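Just below is one structure, and these are the notes that go with it.
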Amino acid sequence: MGGVNSHIVEPHALTGAAPVPRAAPPRPPIWLLVAIIGIGPFTMQVLVPSLPAMGRDLGASTSTVQLTVTLYLLGVGAGQLIYGPLSDRFGRRPLLMGGLALYAVASLAAALAPGIGELLVARVAQAVGACAGVVLVRAVIRDVWARDEAASVLGYVTMGMTIAPMVAPILGSLLEQNFGWRASMVACLGFGLPLALVAWLRLEETLPAPQPLPGLGAILRAYRSLWAIPSFRAYAALTACATGIFFAFLGGAPYVVVQGMGYSPVQFALAFAAISVFFAAGNWLAGRLSRRLGILRMLGVGTMIATLGAVGAAVAMVVFPPHILVFFVPMAAVAVGNGMTQPNAIAGALSARPQLAGTASALVGALQMGFGALMTFIVGLVEFGSGIGTSLTMAATGVACLMALRGARRAGG
């Protein structure tokens with residue numbers, strides 16, 4: 001890749017601090033960035049095939065066990081809002097090492113949790129620790145790669161967020177089948193400790209000039225100013241609803257397939273991994289076609305495909321006999337549509353006020369995780385193993401996507 005400017009001048013978006021010349025910091029290895037950013041989605045997905053077994057082992061209801069996913073998502077959403085401003089003041093490296101340390105301790109606590117309450121607390125701590133990777137890797141890339149190269153690097157690194165959900169359920173199901181669900185949390189510890197060691201040895205500080213720490217009032221004002229923009233609200237809502245379809249499926253699928261239909265956790269994990277392939281295909285289509293067709297046209301196509309898949313899942317669960325393909329084939333369409341929708345919706349949200357793109361990214365991410373958590377909670381209440389509750393929740397969220405898209409069109413793109 002090409003070089004980086006030896007001196008870059010940028011003001012801080014929230015504080016308006018005077019520009020400070022800075023030398024280009026060192027570039028970390030891309031494989032390390034991929035591993036760091038992948039730890040969050042890996043940890044979320046690795047327990048999903050084991051949810052029914054966890055409920056039996058801990059004597060907890062479906063809705064209570066579902067909180068291990070719901071609260072994890074809330075932890076990720078809240079953590080994203082915290083790490084960004086702190087890393088601008090104190091540096092990327094100390095925040096990342098602190099996050100990985102918290103992750104390791106929380107993983108051990110989850111593996112040893114005597115009851116569902118202790119497990120839930122450990123999962124929240126895991127989420128807050130793991131989401132440091134997502135936030136800080138993006139910040140590191142902005143620090144050390146020139147603007148025209150950053151998109152390419154982000155493309156490679158974001159593969160970690162596609163590969164991790166493919167591998168995690170398969171590994172988690174195999175561990176649960178052979179050693180019990182706690183082995184998945186031990187695997188997280190086994191992943192986190194070496195990663196922390198390598199990051200300590202190979203990842204140098206990339207923040208060239210610490211910024212004044214913005215007060216809570218300044219951060220809230222920045223978020224409020226973004227939310228006042230109609231196009232930002234519409235694109236953020238569309239991003240959250242598109243993500244919500246997936247998390248509704250994620251919340252109900254293990255109960256429908258493993259507990260309701262009687263398939264093994266391994267069979268569920270393999271089918272779930274295929275969904276990630278379809279999502280990647282949608283991402284590929286977005287990359288190939290978005291510049292040619294434009295954001296709104298791509299959003300129209302992607303949202304319609306995702307919504308038809310979600311509604312199709314509800315119809316299929318009513319019309320056809322229970323079968324894993326009846327549940328997963330419509331979800332493949334949802335995944336392709338989501339893959340086309342999310343990059344374009346996020347790009348639209350970030351372009352609402354370019355000088356606050358970092359703040360917009362954090363707010364959109366928090367809204368995604370918050371709405372996703374709400375969907376998993378709702379599914380935990382309405383799903384009893386037949387798939388009807390899950391598919392109806394997905395369909396309702398798909399209709400909400402269409403409403404958000406209408407808002408984006410009214411706002412003028």
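Labels used: A, B, ... for chains in the order of the structure tokens, numbers from 1 for residues in each chain, and numbers from 1 for ligands as shown.
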Would you pick out the contacts of Gln368 of chain A at 12 Å or less, using only C-alpha atoms, so that residues sharing its chain but fewer than 6 positions from it are not included, and give the list as a PDB file with N, CA, C and O atoms, in the first residue's frame?
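As written to disk, result.pdb reads:
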```pdb
ATOM      1  N   LEU A  73     -25.768  -7.572  23.944  1.00  0.00           N
ATOM      2  CA  LEU A  73     -25.927  -6.532  22.932  1.00  0.00           C
ATOM      3  C   LEU A  73     -25.992  -5.147  23.563  1.00  0.00           C
ATOM      4  O   LEU A  73     -25.418  -4.175  23.038  1.00  0.00           O
ATOM      5  N   LEU A  74     -26.695  -5.022  24.681  1.00  0.00           N
ATOM      6  CA  LEU A  74     -26.759  -3.731  25.367  1.00  0.00           C
ATOM      7  C   LEU A  74     -25.373  -3.306  25.854  1.00  0.00           C
ATOM      8  O   LEU A  74     -25.020  -2.118  25.792  1.00  0.00           O
ATOM      9  N   GLY A  75     -24.592  -4.262  26.339  1.00  0.00           N
ATOM     10  CA  GLY A  75     -23.231  -3.952  26.770  1.00  0.00           C
ATOM     11  C   GLY A  75     -22.369  -3.451  25.633  1.00  0.00           C
ATOM     12  O   GLY A  75     -21.596  -2.495  25.781  1.00  0.00           O
ATOM     13  N   VAL A  76     -22.511  -4.074  24.458  1.00  0.00           N
ATOM     14  CA  VAL A  76     -21.759  -3.632  23.280  1.00  0.00           C
ATOM     15  C   VAL A  76     -22.186  -2.225  22.879  1.00  0.00           C
ATOM     16  O   VAL A  76     -21.349  -1.365  22.570  1.00  0.00           O
ATOM     17  N   GLY A  77     -23.497  -1.975  22.892  1.00  0.00           N
ATOM     18  CA  GLY A  77     -23.987  -0.653  22.511  1.00  0.00           C
ATOM     19  C   GLY A  77     -23.493   0.435  23.444  1.00  0.00           C
ATOM     20  O   GLY A  77     -23.037   1.496  23.005  1.00  0.00           O
ATOM     21  N   ALA A  78     -23.568   0.182  24.750  1.00  0.00           N
ATOM     22  CA  ALA A  78     -23.114   1.183  25.717  1.00  0.00           C
ATOM     23  C   ALA A  78     -21.604   1.376  25.646  1.00  0.00           C
ATOM     24  O   ALA A  78     -21.102   2.506  25.723  1.00  0.00           O
ATOM     25  N   GLN A  80     -19.609   1.130  23.115  1.00  0.00           N
ATOM     26  CA  GLN A  80     -19.189   1.914  21.952  1.00  0.00           C
ATOM     27  C   GLN A  80     -19.234   3.415  22.236  1.00  0.00           C
ATOM     28  O   GLN A  80     -18.395   4.174  21.736  1.00  0.00           O
ATOM     29  N   TYR A 235     -32.038   7.180   8.292  1.00  0.00           N
ATOM     30  CA  TYR A 235     -31.024   6.175   7.983  1.00  0.00           C
ATOM     31  C   TYR A 235     -30.648   5.359   9.213  1.00  0.00           C
ATOM     32  O   TYR A 235     -30.410   4.146   9.118  1.00  0.00           O
ATOM     33  N   ALA A 236     -30.565   5.998  10.371  1.00  0.00           N
ATOM     34  CA  ALA A 236     -30.248   5.268  11.598  1.00  0.00           C
ATOM     35  C   ALA A 236     -31.361   4.282  11.932  1.00  0.00           C
ATOM     36  O   ALA A 236     -31.094   3.143  12.345  1.00  0.00           O
ATOM     37  N   ALA A 237     -32.619   4.702  11.756  1.00  0.00           N
ATOM     38  CA  ALA A 237     -33.740   3.800  12.013  1.00  0.00           C
ATOM     39  C   ALA A 237     -33.723   2.627  11.042  1.00  0.00           C
ATOM     40  O   ALA A 237     -33.989   1.479  11.429  1.00  0.00           O
ATOM     41  N   LEU A 238     -33.405   2.891   9.782  1.00  0.00           N
ATOM     42  CA  LEU A 238     -33.344   1.817   8.800  1.00  0.00           C
ATOM     43  C   LEU A 238     -32.236   0.826   9.144  1.00  0.00           C
ATOM     44  O   LEU A 238     -32.423  -0.398   9.055  1.00  0.00           O
ATOM     45  N   THR A 239     -31.079   1.345   9.550  1.00  0.00           N
ATOM     46  CA  THR A 239     -29.978   0.466   9.959  1.00  0.00           C
ATOM     47  C   THR A 239     -30.385  -0.395  11.150  1.00  0.00           C
ATOM     48  O   THR A 239     -30.138  -1.609  11.182  1.00  0.00           O
ATOM     49  N   ALA A 240     -31.015   0.222  12.151  1.00  0.00           N
ATOM     50  CA  ALA A 240     -31.417  -0.508  13.350  1.00  0.00           C
ATOM     51  C   ALA A 240     -32.464  -1.573  13.032  1.00  0.00           C
ATOM     52  O   ALA A 240     -32.396  -2.701  13.534  1.00  0.00           O
ATOM     53  N   CYS A 241     -33.444  -1.237  12.190  1.00  0.00           N
ATOM     54  CA  CYS A 241     -34.509  -2.199  11.874  1.00  0.00           C
ATOM     55  C   CYS A 241     -33.977  -3.360  11.041  1.00  0.00           C
ATOM     56  O   CYS A 241     -34.379  -4.513  11.252  1.00  0.00           O
ATOM     57  N   ALA A 242     -33.088  -3.058  10.077  1.00  0.00           N
ATOM     58  CA  ALA A 242     -32.494  -4.139   9.292  1.00  0.00           C
ATOM     59  C   ALA A 242     -31.708  -5.084  10.195  1.00  0.00           C
ATOM     60  O   ALA A 242     -31.794  -6.307  10.065  1.00  0.00           O
ATOM     61  N   THR A 243     -30.952  -4.522  11.125  1.00  0.00           N
ATOM     62  CA  THR A 243     -30.222  -5.345  12.095  1.00  0.00           C
ATOM     63  C   THR A 243     -31.196  -6.102  12.986  1.00  0.00           C
ATOM     64  O   THR A 243     -30.950  -7.246  13.360  1.00  0.00           O
ATOM     65  N   GLY A 244     -32.330  -5.466  13.321  1.00  0.00           N
ATOM     66  CA  GLY A 244     -33.308  -6.085  14.203  1.00  0.00           C
ATOM     67  C   GLY A 244     -33.900  -7.360  13.640  1.00  0.00           C
ATOM     68  O   GLY A 244     -34.223  -8.291  14.393  1.00  0.00           O
ATOM     69  N   ILE A 245     -34.078  -7.430  12.302  1.00  0.00           N
ATOM     70  CA  ILE A 245     -34.582  -8.677  11.708  1.00  0.00           C
ATOM     71  C   ILE A 245     -33.631  -9.822  12.023  1.00  0.00           C
ATOM     72  O   ILE A 245     -34.043 -10.916  12.423  1.00  0.00           O
ATOM     73  N   PHE A 246     -32.337  -9.559  11.848  1.00  0.00           N
ATOM     74  CA  PHE A 246     -31.352 -10.601  12.119  1.00  0.00           C
ATOM     75  C   PHE A 246     -31.353 -11.010  13.588  1.00  0.00           C
ATOM     76  O   PHE A 246     -31.311 -12.206  13.915  1.00  0.00           O
ATOM     77  N   PHE A 247     -31.411 -10.036  14.497  1.00  0.00           N
ATOM     78  CA  PHE A 247     -31.342 -10.382  15.909  1.00  0.00           C
ATOM     79  C   PHE A 247     -32.622 -11.050  16.404  1.00  0.00           C
ATOM     80  O   PHE A 247     -32.573 -11.843  17.348  1.00  0.00           O
ATOM     81  N   GLN A 342     -27.430  -2.563   4.863  1.00  0.00           N
ATOM     82  CA  GLN A 342     -26.706  -1.958   5.972  1.00  0.00           C
ATOM     83  C   GLN A 342     -25.557  -1.045   5.544  1.00  0.00           C
ATOM     84  O   GLN A 342     -25.433   0.072   6.079  1.00  0.00           O
ATOM     85  N   ALA A 345     -27.201   2.207   4.300  1.00  0.00           N
ATOM     86  CA  ALA A 345     -27.873   2.964   5.350  1.00  0.00           C
ATOM     87  C   ALA A 345     -26.861   3.627   6.276  1.00  0.00           C
ATOM     88  O   ALA A 345     -27.030   4.793   6.676  1.00  0.00           O
ATOM     89  N   ILE A 346     -25.793   2.913   6.625  1.00  0.00           N
ATOM     90  CA  ILE A 346     -24.760   3.492   7.482  1.00  0.00           C
ATOM     91  C   ILE A 346     -24.064   4.648   6.767  1.00  0.00           C
ATOM     92  O   ILE A 346     -23.809   5.711   7.365  1.00  0.00           O
ATOM     93  N   SER A 361     -21.080   7.403  13.847  1.00  0.00           N
ATOM     94  CA  SER A 361     -20.808   5.963  13.821  1.00  0.00           C
ATOM     95  C   SER A 361     -21.107   5.323  15.177  1.00  0.00           C
ATOM     96  O   SER A 361     -21.720   4.250  15.259  1.00  0.00           O
ATOM     97  N   ALA A 362     -20.675   5.991  16.255  1.00  0.00           N
ATOM     98  CA  ALA A 362     -20.931   5.454  17.592  1.00  0.00           C
ATOM     99  C   ALA A 362     -22.424   5.418  17.898  1.00  0.00           C
ATOM    100  O   ALA A 362     -22.940   4.434  18.450  1.00  0.00           O
ATOM    101  N   LEU A 374     -33.545  -5.341  22.028  1.00  0.00           N
ATOM    102  CA  LEU A 374     -34.995  -5.324  22.212  1.00  0.00           C
ATOM    103  C   LEU A 374     -35.655  -6.470  21.449  1.00  0.00           C
ATOM    104  O   LEU A 374     -36.568  -7.132  21.965  1.00  0.00           O
ATOM    105  N   MET A 375     -35.187  -6.733  20.242  1.00  0.00           N
ATOM    106  CA  MET A 375     -35.773  -7.817  19.440  1.00  0.00           C
ATOM    107  C   MET A 375     -35.527  -9.181  20.079  1.00  0.00           C
ATOM    108  O   MET A 375     -36.410 -10.035  20.110  1.00  0.00           O
TER     109      MET A 375
END
```
Kindly assemble as a tab-separated table a list of the segment 325-365 of chain A residues that lie within 8 Å of segment 293-305 of chain A, each paired with its nearest atom pair and their distance in Å to one decimal, using only C-alpha atoms, sorted first by chain and then by ascending residue number.
```
residue	atom	partner	partner_atom	distance
A:Ala333	CA	A:Ile305	CA	6.3
A:Val334	CA	A:Ile305	CA	6.5
A:Val336	CA	A:Gly302	CA	7.5
A:Gly337	CA	A:Gly302	CA	4.1
A:Asn338	CA	A:Gly302	CA	6.4
A:Gly339	CA	A:Gly302	CA	7.6
A:Met340	CA	A:Gly302	CA	5.1
A:Thr341	CA	A:Gly302	CA	5.0
A:Asn344	CA	A:Ile295	CA	5.6
A:Ala345	CA	A:Leu299	CA	7.1
A:Gly348	CA	A:Ile295	CA	7.4
```
What would the file look like if the residues just selected were written as a JSON list (two decimals), in the first residue's frame with C-alpha atoms?
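Contents of result.json, freshly written:
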```
[["chain", "number", "residue", "atom", "x", "y", "z"],
["A", 333, "ALA", "CA", -33.05, -13.84, 1.46],
["A", 334, "VAL", "CA", -33.08, -11.64, 4.57],
["A", 336, "VAL", "CA", -28.74, -10.94, 1.18],
["A", 337, "GLY", "CA", -31.07, -7.97, 1.60],
["A", 338, "ASN", "CA", -29.40, -6.95, 4.85],
["A", 339, "GLY", "CA", -25.98, -7.20, 3.25],
["A", 340, "MET", "CA", -27.14, -4.74, 0.59],
["A", 341, "THR", "CA", -29.00, -2.46, 3.00],
["A", 344, "ASN", "CA", -25.75, 1.99, 2.34],
["A", 345, "ALA", "CA", -27.87, 2.96, 5.35],
["A", 348, "GLY", "CA", -26.27, 7.69, 4.55]]
```
- Would you work out the distance separating atom CA of Phe179 of chain A from atom CA of Met44 of chain A, expressed in Å to one decimal?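 Straight-line distance from atom CA of Phe179 of chain A to atom CA of Met44 of chain A works out to 19.1 Å.
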**Item:** Who sits within 9 Å of Val137 of chain A, only C-alpha atoms, same chain under 2 positions skipped, as a PyMOL selection string
**Value:** chain A and resi 33-34+36-37+92+96+132-135+139-142+157
Residues from the last selection, all heavy atoms, saved as a CSV table (one decimal), in the first residue's frame:
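And here is the file that came out, out33.csv:
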```csv
chain,number,residue,atom,x,y,z
A,33,LEU,N,-5.4,-6.8,13.6
A,33,LEU,CA,-6.7,-6.0,13.6
A,33,LEU,C,-7.9,-6.9,13.4
A,33,LEU,O,-8.9,-6.7,14.0
A,33,LEU,CB,-6.6,-4.9,12.6
A,33,LEU,CG,-5.4,-3.9,12.8
A,33,LEU,CD1,-5.5,-2.8,11.7
A,33,LEU,CD2,-5.5,-3.3,14.2
A,34,VAL,N,-7.8,-7.8,12.5
A,34,VAL,CA,-8.9,-8.8,12.2
A,34,VAL,C,-9.2,-9.6,13.4
A,34,VAL,O,-10.4,-9.8,13.8
A,34,VAL,CB,-8.5,-9.7,11.0
A,34,VAL,CG1,-9.5,-10.8,10.8
A,34,VAL,CG2,-8.4,-8.9,9.7
A,36,ILE,N,-8.6,-8.8,16.6
A,36,ILE,CA,-9.2,-8.0,17.6
A,36,ILE,C,-10.6,-7.6,17.3
A,36,ILE,O,-11.5,-7.7,18.2
A,36,ILE,CB,-8.3,-6.7,17.8
A,36,ILE,CG1,-6.9,-7.0,18.3
A,36,ILE,CG2,-9.0,-5.7,18.7
A,36,ILE,CD1,-5.9,-5.9,18.3
A,37,ILE,N,-11.0,-7.3,16.1
A,37,ILE,CA,-12.3,-6.9,15.8
A,37,ILE,C,-13.3,-8.0,15.8
A,37,ILE,O,-14.5,-7.9,16.0
A,37,ILE,CB,-12.4,-6.1,14.4
A,37,ILE,CG1,-13.6,-5.2,14.4
A,37,ILE,CG2,-12.4,-7.1,13.3
A,37,ILE,CD1,-13.6,-4.2,13.2
A,92,ARG,N,-5.2,4.7,22.1
A,92,ARG,CA,-5.9,3.5,21.7
A,92,ARG,C,-5.4,2.3,22.5
A,92,ARG,O,-6.2,1.5,23.0
A,92,ARG,CB,-5.7,3.2,20.2
A,92,ARG,CG,-5.7,4.4,19.3
A,92,ARG,CD,-7.0,5.2,19.4
A,92,ARG,NE,-7.1,6.3,18.4
A,92,ARG,CZ,-7.9,7.3,18.4
A,92,ARG,NH1,-8.7,7.4,19.4
A,92,ARG,NH2,-7.9,8.2,17.5
A,96,LEU,N,-7.6,-0.4,24.8
A,96,LEU,CA,-7.7,-1.8,24.2
A,96,LEU,C,-7.2,-2.8,25.2
A,96,LEU,O,-7.9,-3.8,25.4
A,96,LEU,CB,-6.9,-1.9,22.9
A,96,LEU,CG,-6.9,-3.3,22.3
A,96,LEU,CD1,-8.3,-3.7,21.9
A,96,LEU,CD2,-6.0,-3.3,21.0
A,132,ALA,N,-14.4,-3.1,22.8
A,132,ALA,CA,-13.2,-2.2,22.7
A,132,ALA,C,-12.5,-2.5,21.3
A,132,ALA,O,-12.0,-1.6,20.7
A,132,ALA,CB,-12.2,-2.5,23.8
A,133,GLY,N,-12.5,-3.8,20.9
A,133,GLY,CA,-11.9,-4.1,19.6
A,133,GLY,C,-12.5,-3.5,18.5
A,133,GLY,O,-11.8,-2.9,17.6
A,134,VAL,N,-13.9,-3.5,18.4
A,134,VAL,CA,-14.6,-2.9,17.3
A,134,VAL,C,-14.3,-1.4,17.2
A,134,VAL,O,-13.9,-0.9,16.1
A,134,VAL,CB,-16.1,-3.1,17.4
A,134,VAL,CG1,-16.8,-2.5,16.2
A,134,VAL,CG2,-16.4,-4.6,17.4
A,135,VAL,N,-14.5,-0.7,18.3
A,135,VAL,CA,-14.3,0.8,18.3
A,135,VAL,C,-12.9,1.2,18.0
A,135,VAL,O,-12.6,2.0,17.2
A,135,VAL,CB,-14.8,1.4,19.6
A,135,VAL,CG1,-14.6,2.9,19.7
A,135,VAL,CG2,-16.2,1.0,19.9
A,139,ALA,N,-10.6,3.2,15.0
A,139,ALA,CA,-9.8,4.4,15.3
A,139,ALA,C,-8.4,4.3,14.9
A,139,ALA,O,-7.8,5.2,14.3
A,139,ALA,CB,-9.9,4.7,16.8
A,140,VAL,N,-7.8,3.1,15.1
A,140,VAL,CA,-6.4,2.8,14.7
A,140,VAL,C,-6.3,3.0,13.2
A,140,VAL,O,-5.3,3.6,12.7
A,140,VAL,CB,-6.0,1.4,15.2
A,140,VAL,CG1,-4.7,1.0,14.5
A,140,VAL,CG2,-5.8,1.4,16.7
A,141,ILE,N,-7.2,2.4,12.4
A,141,ILE,CA,-7.1,2.5,11.0
A,141,ILE,C,-7.2,4.0,10.5
A,141,ILE,O,-6.4,4.4,9.6
A,141,ILE,CB,-8.2,1.7,10.3
A,141,ILE,CG1,-8.0,0.2,10.6
A,141,ILE,CG2,-8.4,2.0,8.8
A,141,ILE,CD1,-9.1,-0.7,10.1
A,142,ARG,N,-8.0,4.8,11.2
A,142,ARG,CA,-8.1,6.2,10.8
A,142,ARG,C,-6.8,6.9,11.2
A,142,ARG,O,-6.4,7.9,10.5
A,142,ARG,CB,-9.3,6.9,11.6
A,142,ARG,CG,-10.6,6.5,11.0
A,142,ARG,CD,-11.7,7.5,11.5
A,142,ARG,NE,-11.8,7.6,13.0
A,142,ARG,CZ,-12.5,6.8,13.7
A,142,ARG,NH1,-13.3,5.9,13.2
A,142,ARG,NH2,-12.5,7.0,15.0
A,157,VAL,N,-10.4,-5.9,7.2
A,157,VAL,CA,-10.5,-6.1,8.7
A,157,VAL,C,-12.0,-6.5,9.0
A,157,VAL,O,-12.2,-7.3,9.8
A,157,VAL,CB,-10.1,-4.8,9.4
A,157,VAL,CG1,-10.5,-4.8,10.9
A,157,VAL,CG2,-8.6,-4.5,9.3
```
